[in-house]
Amino acid sequence: MTNKKISDIATENDLQTEKKDNLIVTFEERGNQTIVRKSNDLVQLTRNNLTLSQQRLMLHIFSMIKPEDTELPSYELSVYDFIKLSGMNPHSGALYKQVRRNIEELANAPVQWIKNSGTTTVETFRWINKVRIDEKKARMTITLDPVLKPHLVQLKTLYTTMDITYTMNMRSTYSIRIYELCKSYQNLYLKKKSDGEALIWNLNMLYEQLSYTANSWSGFRRFALDKAKSEINGHTDIVFDYEVNEKKGQKVLSLAVTIEPEDEEVARENLEKINKRANRKSKKRKALVLDDKDTDDQTLITFDYVSAPETSIPYSFGKDRTSLKKEIEVKARLEQLQKELGPQEYNAVLLILDVLVTACSTIRPGDQAEDGGNVEVFGRMNAIILDCGGLTQWLRGVAPRYAAEIIPAAQSKKAPVPYLTKILLEDMDNYRVYIFKAGSTTQTVPADEKAQMYEAEFAEADEDNQPLAGHLKPEDAQTKKQMEDALRIAAKEETLLPMLSSGQQDAYNDIVKLAAYFCRRNQKGKDDGMMSGKANMQFVNSLNTVIDKYGSLELLFATLAKKLDYDVFWKECAKSNRIKNAQGLFQTIVEKGLLFPEMVIREGQTHQPEKEAKAESWAGGGWADAFEE
């Protein structure tokens, strides 16, 4: 691979020339293919440490190879399709940064071969050899490492075939890898079964194949094997199970594995269910339309931006304060607010917007900038826009407080703008508590309620105009399932899950189970005097205070899920020599979060991500510099 920087970005003529010399397939031509063929060695003898979204992306790229291909193709797709396949949020104001980070991480992820089949040698390679970006059309061409060619092209024997549709709903990286391994070993299992023998998996070998570094059997069984069983069985075309085969003292050395084929009709029904669910999701999402027209700034990878109240604002608007102000006014629906608010409150809104424009386009020492915008301020503003369909509800909630309290206080300060900016950023962090219930668009606020506004004690908006989640009750703890169901309702799970990444969703599900356990815990010495029937009122009451303040447990559980993101937490624990019991640490964090929820929420709201170090180039060429202005 040659060292390239800005030259790695191909012009349209470059791409046309390359198409004549190399096989380039497009997403539009082959994007609906779902069958992947890999050599058994690629499945069985590699150490794969990709994240869940990276695994899905690579499987999709592999599925675009046809059996009749004689060369390893390059893959051309729109940046928007790349975003969808990578599991990113296509409506995020941080889109530009996400694309760069995802490509860099994937390009820099090495795959270590445990050994070459039949030899004692170890070989490493990278999934991606090169990426070209056509900024004018927002399209990219991905070229795989040539080492992969004999493992993906013209396979005649000793290869694995699978339909990647079955992996779409899997939320664990281990589940996808175990499913691949099962498909690869299935014929061997059936042969051994007919001979009356068992298929044995060496546990150390399995740790290597799954890049599991903790070497803890209890954690591995729970978070890898049992998780895989729950996501494979009843949802795919196979049924997977295992039992301990050999132990040395308390140490497990190997497993006896069963990989039975699922009934054909059941497998077909599972496939149809996944496809129907995917179709429903795609209908709900608003797709952005790519435009081939030239953009004003050709150094940016952008989409045709649509000015609408519910769409987030790209960081690039930070360069032009006039355009930025117009966009923020669109998000605010000023005409609607002018009709609903009194003159003082409406003037307060206008001042808030002026301060917001200044904050978005001002980069102070220590601030993180992206495309000319202040990342911190844009991020908070876009979070409100995406969650509330614009800024209107939030501004309607904060306007009375600013008119009555904040602006008069600012006028007495020597530096009113910094004071207003500080208060505004805090209120944007806590935007949920300022949103009026849906349907209250003409509501006016009596003077005696202004003190309550100052304390920010408002209920979260409910888009369906349904009653807010009620309190957890002692009778909810009659059974573990009842308790879990009550917690999921209180967390507004249907709206919460789409906001979380796959690793955060995995963490959320275990957080709910642990919360159910704590709400029913009755340990002697720990919970004496705390029980009401089967309910531990110490935890139940603590969670009810969150519901009182925020209207639901959504914010608390979302904060915990992001803190304990499975794509990060377990890998970090495995790297640390100080952490001997990662599972116990996870449980301790959840327990403290349930008992001290305000501390967790405040910590999540005020956390500032460290400025990311510039990624090293994968061949010394620094091709990612092409993304920089």
# chains A, B, ... in the order shown; residues from 1 in each chain; ligands from 1
$ select_by_dssp --residues "stretch 161-379 of chain A" --states "strand (DSSP E or B)" --output "PyMOL selection string"
chain A and resi 161-163+199-202+238-248+251-261+369-370+373-374
$ residues_around --residues "stretch 244-259 of chain A" --least-positions-apart "5" --cutoff "7 Å" --atoms "only C-alpha atoms" --output "number ranges by chain"
A: 182, 186, 189, 198-203, 238-239
$ atom_distance --atom1 "atom CA of A:Tyr517" --atom2 "atom CA of A:His235"
27.3 Å
$ residues_around --residues "A:Trp127" --least-positions-apart "5" --cutoff "12 Å" --atoms "only C-alpha atoms" --output "PDB file with N, CA and C atoms, in the first residue's frame"
ATOM      1  N   LEU A  42     -10.265 -18.414   7.298  1.00  0.00           N
ATOM      2  CA  LEU A  42     -10.559 -17.025   7.639  1.00  0.00           C
ATOM      3  C   LEU A  42     -11.515 -16.943   8.827  1.00  0.00           C
ATOM      4  N   THR A  46      -8.581 -16.825  12.680  1.00  0.00           N
ATOM      5  CA  THR A  46      -8.304 -15.397  12.858  1.00  0.00           C
ATOM      6  C   THR A  46      -8.720 -14.939  14.242  1.00  0.00           C
ATOM      7  N   ASN A  48     -10.376 -11.858  15.794  1.00  0.00           N
ATOM      8  CA  ASN A  48     -11.195 -10.759  15.289  1.00  0.00           C
ATOM      9  C   ASN A  48     -11.587  -9.848  16.441  1.00  0.00           C
ATOM     10  N   ASN A  49     -11.068  -8.615  16.435  1.00  0.00           N
ATOM     11  CA  ASN A  49     -11.400  -7.685  17.527  1.00  0.00           C
ATOM     12  C   ASN A  49     -12.185  -6.484  17.031  1.00  0.00           C
ATOM     13  N   LEU A  50     -13.001  -6.684  15.997  1.00  0.00           N
ATOM     14  CA  LEU A  50     -13.829  -5.598  15.474  1.00  0.00           C
ATOM     15  C   LEU A  50     -15.019  -5.337  16.396  1.00  0.00           C
ATOM     16  N   GLN A  54     -18.588  -2.628  13.084  1.00  0.00           N
ATOM     17  CA  GLN A  54     -17.550  -2.958  12.110  1.00  0.00           C
ATOM     18  C   GLN A  54     -17.725  -4.374  11.575  1.00  0.00           C
ATOM     19  N   GLN A  55     -18.110  -5.308  12.438  1.00  0.00           N
ATOM     20  CA  GLN A  55     -18.381  -6.669  11.975  1.00  0.00           C
ATOM     21  C   GLN A  55     -19.499  -6.677  10.935  1.00  0.00           C
ATOM     22  N   LEU A  57     -20.513  -4.239   9.008  1.00  0.00           N
ATOM     23  CA  LEU A  57     -20.071  -3.590   7.778  1.00  0.00           C
ATOM     24  C   LEU A  57     -19.220  -4.540   6.943  1.00  0.00           C
ATOM     25  N   MET A  58     -18.253  -5.220   7.571  1.00  0.00           N
ATOM     26  CA  MET A  58     -17.381  -6.128   6.820  1.00  0.00           C
ATOM     27  C   MET A  58     -18.168  -7.311   6.265  1.00  0.00           C
ATOM     28  N   LEU A  59     -19.115  -7.840   7.013  1.00  0.00           N
ATOM     29  CA  LEU A  59     -19.947  -8.931   6.497  1.00  0.00           C
ATOM     30  C   LEU A  59     -20.738  -8.468   5.285  1.00  0.00           C
ATOM     31  N   ILE A  61     -19.851  -6.094   3.173  1.00  0.00           N
ATOM     32  CA  ILE A  61     -18.907  -5.983   2.057  1.00  0.00           C
ATOM     33  C   ILE A  61     -18.594  -7.364   1.491  1.00  0.00           C
ATOM     34  N   PHE A  62     -18.380  -8.346   2.354  1.00  0.00           N
ATOM     35  CA  PHE A  62     -18.103  -9.707   1.876  1.00  0.00           C
ATOM     36  C   PHE A  62     -19.285 -10.274   1.090  1.00  0.00           C
ATOM     37  N   ILE A 103     -13.932   5.131   9.795  1.00  0.00           N
ATOM     38  CA  ILE A 103     -13.017   4.612   8.772  1.00  0.00           C
ATOM     39  C   ILE A 103     -11.629   4.401   9.360  1.00  0.00           C
ATOM     40  N   GLU A 104     -11.155   5.358  10.156  1.00  0.00           N
ATOM     41  CA  GLU A 104      -9.830   5.234  10.749  1.00  0.00           C
ATOM     42  C   GLU A 104      -9.740   4.005  11.650  1.00  0.00           C
ATOM     43  N   GLU A 105     -10.753   3.802  12.483  1.00  0.00           N
ATOM     44  CA  GLU A 105     -10.729   2.669  13.406  1.00  0.00           C
ATOM     45  C   GLU A 105     -10.755   1.346  12.649  1.00  0.00           C
ATOM     46  N   LEU A 106     -11.566   1.286  11.604  1.00  0.00           N
ATOM     47  CA  LEU A 106     -11.649   0.054  10.816  1.00  0.00           C
ATOM     48  C   LEU A 106     -10.346  -0.188  10.068  1.00  0.00           C
ATOM     49  N   ALA A 107      -9.790   0.877   9.504  1.00  0.00           N
ATOM     50  CA  ALA A 107      -8.548   0.742   8.741  1.00  0.00           C
ATOM     51  C   ALA A 107      -7.379   0.354   9.627  1.00  0.00           C
ATOM     52  N   ASN A 108      -7.391   0.790  10.875  1.00  0.00           N
ATOM     53  CA  ASN A 108      -6.282   0.531  11.783  1.00  0.00           C
ATOM     54  C   ASN A 108      -6.482  -0.727  12.631  1.00  0.00           C
ATOM     55  N   ALA A 109      -7.554  -1.474  12.396  1.00  0.00           N
ATOM     56  CA  ALA A 109      -7.813  -2.680  13.190  1.00  0.00           C
ATOM     57  C   ALA A 109      -7.114  -3.876  12.548  1.00  0.00           C
ATOM     58  N   PRO A 110      -6.005  -4.351  13.115  1.00  0.00           N
ATOM     59  CA  PRO A 110      -5.323  -5.505  12.529  1.00  0.00           C
ATOM     60  C   PRO A 110      -6.022  -6.804  12.919  1.00  0.00           C
ATOM     61  N   VAL A 111      -5.916  -7.797  12.083  1.00  0.00           N
ATOM     62  CA  VAL A 111      -6.440  -9.125  12.400  1.00  0.00           C
ATOM     63  C   VAL A 111      -5.253 -10.063  12.507  1.00  0.00           C
ATOM     64  N   GLN A 112      -5.044 -10.641  13.659  1.00  0.00           N
ATOM     65  CA  GLN A 112      -3.893 -11.522  13.848  1.00  0.00           C
ATOM     66  C   GLN A 112      -4.293 -12.964  13.598  1.00  0.00           C
ATOM     67  N   ILE A 142     -13.966   1.439  -1.259  1.00  0.00           N
ATOM     68  CA  ILE A 142     -13.189   0.690  -0.261  1.00  0.00           C
ATOM     69  C   ILE A 142     -12.497  -0.482  -0.956  1.00  0.00           C
ATOM     70  N   THR A 143     -11.188  -0.586  -0.771  1.00  0.00           N
ATOM     71  CA  THR A 143     -10.412  -1.693  -1.338  1.00  0.00           C
ATOM     72  C   THR A 143      -9.896  -2.559  -0.195  1.00  0.00           C
ATOM     73  N   LEU A 144     -10.158  -3.856  -0.264  1.00  0.00           N
ATOM     74  CA  LEU A 144      -9.743  -4.773   0.790  1.00  0.00           C
ATOM     75  C   LEU A 144      -8.274  -5.152   0.635  1.00  0.00           C
ATOM     76  N   ASP A 145      -7.703  -5.664   1.715  1.00  0.00           N
ATOM     77  CA  ASP A 145      -6.320  -6.142   1.673  1.00  0.00           C
ATOM     78  C   ASP A 145      -6.219  -7.318   0.706  1.00  0.00           C
ATOM     79  N   PRO A 146      -5.258  -7.307  -0.226  1.00  0.00           N
ATOM     80  CA  PRO A 146      -5.121  -8.414  -1.190  1.00  0.00           C
ATOM     81  C   PRO A 146      -4.926  -9.778  -0.537  1.00  0.00           C
ATOM     82  N   VAL A 147      -4.429  -9.796   0.713  1.00  0.00           N
ATOM     83  CA  VAL A 147      -4.243 -11.067   1.415  1.00  0.00           C
ATOM     84  C   VAL A 147      -5.562 -11.831   1.520  1.00  0.00           C
ATOM     85  N   LEU A 148      -6.686 -11.096   1.482  1.00  0.00           N
ATOM     86  CA  LEU A 148      -7.991 -11.732   1.657  1.00  0.00           C
ATOM     87  C   LEU A 148      -8.474 -12.471   0.406  1.00  0.00           C
ATOM     88  N   LYS A 149      -7.882 -12.199  -0.741  1.00  0.00           N
ATOM     89  CA  LYS A 149      -8.406 -12.741  -2.004  1.00  0.00           C
ATOM     90  C   LYS A 149      -8.609 -14.257  -1.975  1.00  0.00           C
ATOM     91  N   TRP A 618      -2.193   4.282   8.688  1.00  0.00           N
ATOM     92  CA  TRP A 618      -2.000   2.838   8.709  1.00  0.00           C
ATOM     93  C   TRP A 618      -0.815   2.404   7.893  1.00  0.00           C
TER      94      TRP A 618
END
$ closest_residue --among "A:Gln33, A:Thr495, A:Asn577, A:Thr160" --to "A:Asn187" --atoms "only C-alpha atoms"
A:Thr160
$ atom_distance --atom1 "atom CA of A:Asn536" --atom2 "atom CA of A:Tyr566"
27.7 Å
$ select_by_dssp --residues "stretch 149-361 of chain A" --states "alpha helix (DSSP H)" --output "PyMOL selection string"
chain A and resi 149-152+173-194+203-209+217-220+227-232+264-284+321-332+334-340+343-361
$ closest_residue --among "A:Leu77, A:Arg221, A:Phe557, A:Ser39" --to "A:Pro150" --atoms "only C-alpha atoms"
A:Ser39
$ residues_around --residues "A:Leu595" --least-positions-apart "2" --cutoff "10 Å" --atoms "only C-alpha atoms" --output "list in words"
Phe518, Gln538, Phe539, Val540, Asn541, Ser542, Leu543, Val590, Glu591, Lys592, Gly593, Pro597, Glu598, Met599 and Val600 of chain A
$ closest_residue --among "A:Asp163, A:Glu405, A:Glu554, A:Glu345" --to "A:Val36" --atoms "only C-alpha atoms"
A:Asp163
$ residues_around --residues "A:Leu386" --least-positions-apart "6" --cutoff "7 Å" --atoms "only C-alpha atoms" --output "list in words"
Glu310, Thr311 and Ser312 of chain A
$ write_last_selection --atoms "N, CA, C and O atoms" --output "short mmCIF file (atom, residue, chain, number, x, y, z; two decimals), in the first residue's frame"
data_model
loop_
_atom_site.label_atom_id
_atom_site.label_comp_id
_atom_site.auth_asym_id
_atom_site.auth_seq_id
_atom_site.Cartn_x
_atom_site.Cartn_y
_atom_site.Cartn_z
N GLU A 310 -36.97 20.09 12.51
CA GLU A 310 -36.56 18.87 13.20
C GLU A 310 -35.20 18.35 12.78
O GLU A 310 -34.74 17.34 13.30
N THR A 311 -34.52 19.00 11.82
CA THR A 311 -33.21 18.50 11.37
C THR A 311 -32.09 19.20 12.10
O THR A 311 -32.14 20.40 12.35
N SER A 312 -31.05 18.45 12.44
CA SER A 312 -29.92 19.02 13.17
C SER A 312 -29.11 19.93 12.26
O SER A 312 -29.19 19.86 11.04
#
$ closest_residue --among "A:Thr120, A:Asn129, A:Thr157, A:Gln44" --to "A:Leu72" --atoms "only C-alpha atoms"
A:Asn129
$ atom_distance --atom1 "atom CA of A:Leu353" --atom2 "atom CA of A:Pro498"
29.5 Å
$ closest_residue --among "A:Gln504, A:Ser78, A:Ser316, A:Gln209" --to "A:Ala138" --atoms "only C-alpha atoms"
A:Ser78
$ residues_around --residues "A:Ile178" --least-positions-apart "6" --cutoff "8 Å" --atoms "only C-alpha atoms" --output "list in words"
Leu210, Leu225 and Ala228 of chain A
